[in-house]
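Single-structure report; data block below.
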Amino acid sequence: MRDVAIIGTGETKVGEHWDVSLRHLALEAIQAALADAGVATVDALYVGNMLAGELAGQEHLGALVADFAGLSGVEALRVEAADASGAAALRVGYMAVAGGLADIVVVVGVEKMTDALAGEIVYGRSLATDGDYESAVGGSLTAVNALLMRRYMHEYGYAQRDFAPFAVNAHRNAVHNPQAMFRFPITPERFAAAPMVCDPINLFDSAPAADGAAAVVLAPGDAARTFSAVPVRIRASAVGTDALAVHDRHHPLLLRSAALAAQRAYEQAGVTPQDIDLFELHGSFGILAALSLEAAGFAAPGQGVRMALDGEIGLTGRIPIATMGGLKARGHPAGATGVYQVVEVVHQLRGLAGENQVPNARLGMTQSLGGSGGTAITHILERME
Amino acid sequence: MNIPRNWRLQQQRYRLEGEVCEKCGARIFPARDICPECEAPAKTPLVFSGKGEVYSYTTVHTPPQGFEEFAPYILALIQLEEGPLITAQLTDVDADHVDIGMPVEMVTRKVQGGGAEGPIVYGYKFRPVLHATVHAAPHE
Amino acid sequence: MSDTTTILRPEHPVGIVGYGAYVPRYRLPAREVSRVWTGGYGGTPIKEKSVPGPDEDVVTMSIEAARNALARAALPDPALIRAVWVGSESHPYAVKPTSTIVAEAIGATPHTQAADWEFACKAGTEALQAAIGFIGSGMARYALAIGMDTAQARPGDALEYTAGAGGAAYLLGPAEESLAVFEGSFSYVTDTPDFWRRAYQHYPSHGGRFTGQPAYFKHITAAARGLMDALGTSPADYTYVVLHQPNAKFPKSAAKKLGFTPEQVKDGLLVNEIGNVYAGSSLIGLAAVLDEARPGDRLLLVSYGSGAGSDAFSLRVTEAIVERQGRAPLTREYVARRVEIDYATYVRFTGKLRK
């Protein structure tokens, strides 16, 4: 297996892009990433996307995006793993380069959600749950996560407002991220006053649906410096899975997929949670942020919310999360999110995060979840000195 | 409309028919033909009692397309008395009367209305136990 | 016409093996209808009526009543049931049987008859009578007859005060397994256009006061008298009488005319609390009475369906009733389970608000 490095990144602003189509969002991110890497052609393109068929009326994205990105003729495939689709596309790109099947690969995560109505988006996202036994009985993705949150509050004795620090932290960090959707701070009081979506998950505890695209260019590690002054090595790439349906899991409050993916990643990289300088986790809801912190070994079961309450998730805390706004405030364009996380960690490792720079960031981790944790994909990235 | 899909799930939806593992005795819902506990083939049908208790719950204010007519509705995880958890709506109860641990029983209700022209989808929901002394149903 | 040609009695004696009621939890007070449509002026025919929840219809209500009937019967296997017959004016489908869904849900499929019956408010007792014949002839050992409605009424119409939701299911079987045995039944049918609903219409129409004397009273009393004459019984022989109950006044007045006392009427009279549940009306009254009945009690049941006709049944309660009453929720438990709603919520729940 070869070392794999990220030699370029690109991203669009996350938001409601009424005048931009899915293919042009992807084009913008890919062009930026190729320019950043200084390459004009690639061996393969992998497109991470969750809901284009359902919400944007378009399947067959590999060939479409390749054609409109000026890469006509290259190997191009779409990869799907619900919300973790972007991370899954990176995983496939990583395998291609690591296995020697390709040298230069571009991975793009793209999602165009706002072409659909609100109810259609809720329905589309619910397709990540078990279609025969969760969404079929009225379970939306938010509802299923609300079931986890209520049980978590019950077992560990938290109140709904205790989840505010995840959203407050995300919004604070988004203020300085020009690509973020919500560039304004919120207070715990404003969090507490937000209307309920699926009690106890309220509007300010939920990541917004959005449009966006992010891309990275991969190259073999030994060639990385040819392209980039500050390449970032992929030290680990791991996937874990679990039952889609929360009711089919032995311990609903332990995200087994996330624990497996993190464990495998730590083993590949030969590191422990203490070595990680920042963690871009899948905080689409505060409860998933807490469960991810716990599954990845940063907090004991039931202590994820406590960590946030104790201020340990800020830029200078024990483990900074959502450093550029996270899913909550940067926005959550479903299948694109996994690539945004990676682009943001690369910015941090390259020292390009501006006001949000995590001091001395050397090792960063991303973890993307599909649905309520059916899939978890973890990458550990390292600045190449 | 997913007619065949709903049709082939009728026994689960109407009667809570799951499976029992002949090897380790695990009661399985929904049916999956492989025991999730011991991984032995498990295809022996078992009709669950429909009794259980609330494990967790939420009030859905923003429903997915197809469920608007029922919103706000309560979605819950129910721990069935035979062991498995199941995701289902609660009915005939207001959210402020629901608690984790509340005993519930299965009823058959409209899960999707089908609009004016489509097929109606019926299936399990749960409600607070109505009559505590009801004897076990005869077919169990 | 001799008695032997008019009384309906099977070859083999038949009875009720199990019964079960159902009433939804929501109640619309009659004063709410009055508030919206008459400014609160004038009296109301009942106190309140039951309203189905948004996830309920004749299918779901029939399934619950049928499950209650099966629980009381303690039948070894629901596959022994040879007929599932549902009488209603509010089948959710115009074409596609309610009864197949009910049969599937209770585990009676596939070796069973299944059909939906229609005869205004006596569709349920039509099914009951057919089940007596089906079992009494030896063609079947068990048959399920259900009368259930989510009654429709035009907004603002006099019927809107009373049109309620509910009904009951009866598992019929051999007399020796029964909690009450049929002594005979009797039908009285004429062409009387007192109440109807044309195809594709949401709401029924009616002839106002014509629904009284020439319709309800004439048929109810003729059927009741016909049966008692044929059996040689008189009102004094019955512990309870249950008549179709479209409002609080009609059944009391008809019972009095027939010579029954208010005491014999009151336990089966639910209309004041749940309204007129159309095809379920007399049958749920019978369920309420069976909840109270003791061995040896005699019951008279008379339905009325517009268009028009009445079926009368005489029943004698057996020892088996004692242990079966408590095996499923009592009718009064459903009646007592009430959540009051306002007219706007009622309009939403019953689909009267067209989006």
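We name chains A, B, ... following the order of the structure tokens; residues begin at 1 in each chain, and ligands are numbered from 1 as shown.
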Contacts of Arg350 (chain A) within 9 Å, only C-alpha atoms, excl. fewer than 4 positions in-chain, as a PyMOL selection string: chain A and resi 230-232+345-346+361-362+383
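Secondary structure of region 58-114 of chain C, helix (DSSP H, G or I) only (DSSP, backbone atoms): Val58, Val59, Thr60, Met61, Ser62, Ile63, Glu64, Ala65, Ala66, Arg67, Asn68, Ala69, Leu70, Ala71, Arg72, Ala73, Pro78, Ala79, Leu80, Thr98, Ser99, Thr100, Ile101, Val102, Ala103, Glu104, Ala105 and Ile106 of chain C.
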Counting only C-alpha atoms, the residue of B:Val107, B:Gly123, B:Ala88, B:Lys23 that sits nearest Val144 (chain A):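 Closest to Val144 (chain A), using only C-alpha atoms: B:Ala88.
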Counting only C-alpha atoms, chain B residues within 7 Å of chain A, as number ranges by chain: B: 56-65, 67, 75-77, 85-89, 111
Between CA of Gly52 (chain B) and CA of Met106 (chain B), distance in Å (one decimal): 8.4 Å
Members of region 63-310 of chain A assigned strand (DSSP E or B) by DSSP, as a ChimeraX atom specification: /A:75-79,81,83,105-111,196-199,201-202,206,209,211-220,232-241,278-280,285
Closest-contact table, chain B side, partner chain C, 12 Å, counting only C-alpha atoms, as JSON lines:
```
{"residue": "B:Trp7", "atom": "CA", "partner": "C:Ile101", "partner_atom": "CA", "distance": 11.0}
{"residue": "B:Leu9", "atom": "CA", "partner": "C:Ala105", "partner_atom": "CA", "distance": 11.9}
{"residue": "B:Gln10", "atom": "CA", "partner": "C:Ala105", "partner_atom": "CA", "distance": 8.3}
{"residue": "B:Gln11", "atom": "CA", "partner": "C:Ala105", "partner_atom": "CA", "distance": 7.7}
{"residue": "B:Gln12", "atom": "CA", "partner": "C:Ala105", "partner_atom": "CA", "distance": 9.9}
{"residue": "B:Arg13", "atom": "CA", "partner": "C:Ala105", "partner_atom": "CA", "distance": 8.7}
{"residue": "B:Tyr14", "atom": "CA", "partner": "C:Ala105", "partner_atom": "CA", "distance": 5.0}
{"residue": "B:Arg15", "atom": "CA", "partner": "C:Ala105", "partner_atom": "CA", "distance": 6.0}
{"residue": "B:Leu16", "atom": "CA", "partner": "C:Ala105", "partner_atom": "CA", "distance": 9.7}
{"residue": "B:Glu17", "atom": "CA", "partner": "C:Gly107", "partner_atom": "CA", "distance": 10.6}
{"residue": "B:Val47", "atom": "CA", "partner": "C:Gly107", "partner_atom": "CA", "distance": 10.3}
{"residue": "B:Phe67", "atom": "CA", "partner": "C:Asp55", "partner_atom": "CA", "distance": 10.7}
{"residue": "B:Glu68", "atom": "CA", "partner": "C:Pro54", "partner_atom": "CA", "distance": 11.0}
{"residue": "B:Glu69", "atom": "CA", "partner": "C:Pro54", "partner_atom": "CA", "distance": 7.6}
{"residue": "B:Phe70", "atom": "CA", "partner": "C:Pro54", "partner_atom": "CA", "distance": 6.4}
{"residue": "B:Ala71", "atom": "CA", "partner": "C:Pro54", "partner_atom": "CA", "distance": 9.7}
{"residue": "B:Pro72", "atom": "CA", "partner": "C:Pro54", "partner_atom": "CA", "distance": 11.2}
{"residue": "B:Tyr73", "atom": "CA", "partner": "C:Pro54", "partner_atom": "CA", "distance": 10.4}
{"residue": "B:Gln89", "atom": "CA", "partner": "C:Asp55", "partner_atom": "CA", "distance": 10.7}
{"residue": "B:Leu90", "atom": "CA", "partner": "C:Asp55", "partner_atom": "CA", "distance": 10.9}
{"residue": "B:Thr91", "atom": "CA", "partner": "C:Asp55", "partner_atom": "CA", "distance": 8.3}
{"residue": "B:Asp92", "atom": "CA", "partner": "C:Arg25", "partner_atom": "CA", "distance": 7.1}
{"residue": "B:Val93", "atom": "CA", "partner": "C:Arg25", "partner_atom": "CA", "distance": 9.5}
{"residue": "B:Asp94", "atom": "CA", "partner": "C:Val339", "partner_atom": "CA", "distance": 10.2}
{"residue": "B:Glu105", "atom": "CA", "partner": "C:Glu64", "partner_atom": "CA", "distance": 11.8}
{"residue": "B:Met106", "atom": "CA", "partner": "C:Glu64", "partner_atom": "CA", "distance": 10.1}
{"residue": "B:Val107", "atom": "CA", "partner": "C:Glu64", "partner_atom": "CA", "distance": 7.2}
{"residue": "B:Thr108", "atom": "CA", "partner": "C:Thr60", "partner_atom": "CA", "distance": 5.8}
{"residue": "B:Arg109", "atom": "CA", "partner": "C:Thr60", "partner_atom": "CA", "distance": 5.3}
{"residue": "B:Lys110", "atom": "CA", "partner": "C:Asp55", "partner_atom": "CA", "distance": 4.7}
{"residue": "B:Val111", "atom": "CA", "partner": "C:Asp55", "partner_atom": "CA", "distance": 6.9}
{"residue": "B:Gln112", "atom": "CA", "partner": "C:Asp55", "partner_atom": "CA", "distance": 8.2}
{"residue": "B:Gly113", "atom": "CA", "partner": "C:Asp55", "partner_atom": "CA", "distance": 7.9}
{"residue": "B:Gly114", "atom": "CA", "partner": "C:Pro92", "partner_atom": "CA", "distance": 11.1}
{"residue": "B:Gly115", "atom": "CA", "partner": "C:Gly351", "partner_atom": "CA", "distance": 10.7}
{"residue": "B:Ala116", "atom": "CA", "partner": "C:Tyr93", "partner_atom": "CA", "distance": 10.0}
{"residue": "B:Glu117", "atom": "CA", "partner": "C:Tyr93", "partner_atom": "CA", "distance": 9.5}
{"residue": "B:Gly118", "atom": "CA", "partner": "C:Tyr93", "partner_atom": "CA", "distance": 10.1}
{"residue": "B:Pro119", "atom": "CA", "partner": "C:Tyr93", "partner_atom": "CA", "distance": 8.9}
{"residue": "B:Ile120", "atom": "CA", "partner": "C:Pro92", "partner_atom": "CA", "distance": 8.6}
{"residue": "B:Val121", "atom": "CA", "partner": "C:Asp55", "partner_atom": "CA", "distance": 10.3}
{"residue": "B:Tyr122", "atom": "CA", "partner": "C:Thr60", "partner_atom": "CA", "distance": 7.9}
{"residue": "B:Gly123", "atom": "CA", "partner": "C:Thr60", "partner_atom": "CA", "distance": 9.3}
{"residue": "B:Tyr124", "atom": "CA", "partner": "C:Thr60", "partner_atom": "CA", "distance": 10.3}
{"residue": "B:Lys125", "atom": "CA", "partner": "C:Asp55", "partner_atom": "CA", "distance": 9.7}
{"residue": "B:Arg127", "atom": "CA", "partner": "C:Arg25", "partner_atom": "CA", "distance": 11.6}
{"residue": "B:Pro128", "atom": "CA", "partner": "C:Arg337", "partner_atom": "CA", "distance": 11.5}
{"residue": "B:Val129", "atom": "CA", "partner": "C:Pro329", "partner_atom": "CA", "distance": 10.3}
{"residue": "B:Leu130", "atom": "CA", "partner": "C:Pro329", "partner_atom": "CA", "distance": 7.2}
{"residue": "B:His131", "atom": "CA", "partner": "C:Pro329", "partner_atom": "CA", "distance": 5.4}
{"residue": "B:Ala132", "atom": "CA", "partner": "C:Pro329", "partner_atom": "CA", "distance": 8.7}
{"residue": "B:Thr133", "atom": "CA", "partner": "C:Arg327", "partner_atom": "CA", "distance": 7.0}
{"residue": "B:Val134", "atom": "CA", "partner": "C:Arg327", "partner_atom": "CA", "distance": 4.8}
{"residue": "B:His135", "atom": "CA", "partner": "C:Arg327", "partner_atom": "CA", "distance": 5.4}
{"residue": "B:Ala136", "atom": "CA", "partner": "C:Ala71", "partner_atom": "CA", "distance": 7.3}
{"residue": "B:Ala137", "atom": "CA", "partner": "C:Ala71", "partner_atom": "CA", "distance": 5.2}
{"residue": "B:Pro138", "atom": "CA", "partner": "C:Ala74", "partner_atom": "CA", "distance": 5.0}
{"residue": "B:His139", "atom": "CA", "partner": "C:Asp77", "partner_atom": "CA", "distance": 5.6}
{"residue": "B:Glu140", "atom": "CA", "partner": "C:Asp77", "partner_atom": "CA", "distance": 9.1}
```
Ala207 (chain A) environment, 12 Å, only C-alpha atoms, sequence neighbours closer than 3 positions dropped, as number ranges by chain: A: 14-15, 83, 141-142, 166-167, 170-171, 180-182, 197, 201-204, 210, 282-289, 322, 325-334, 337
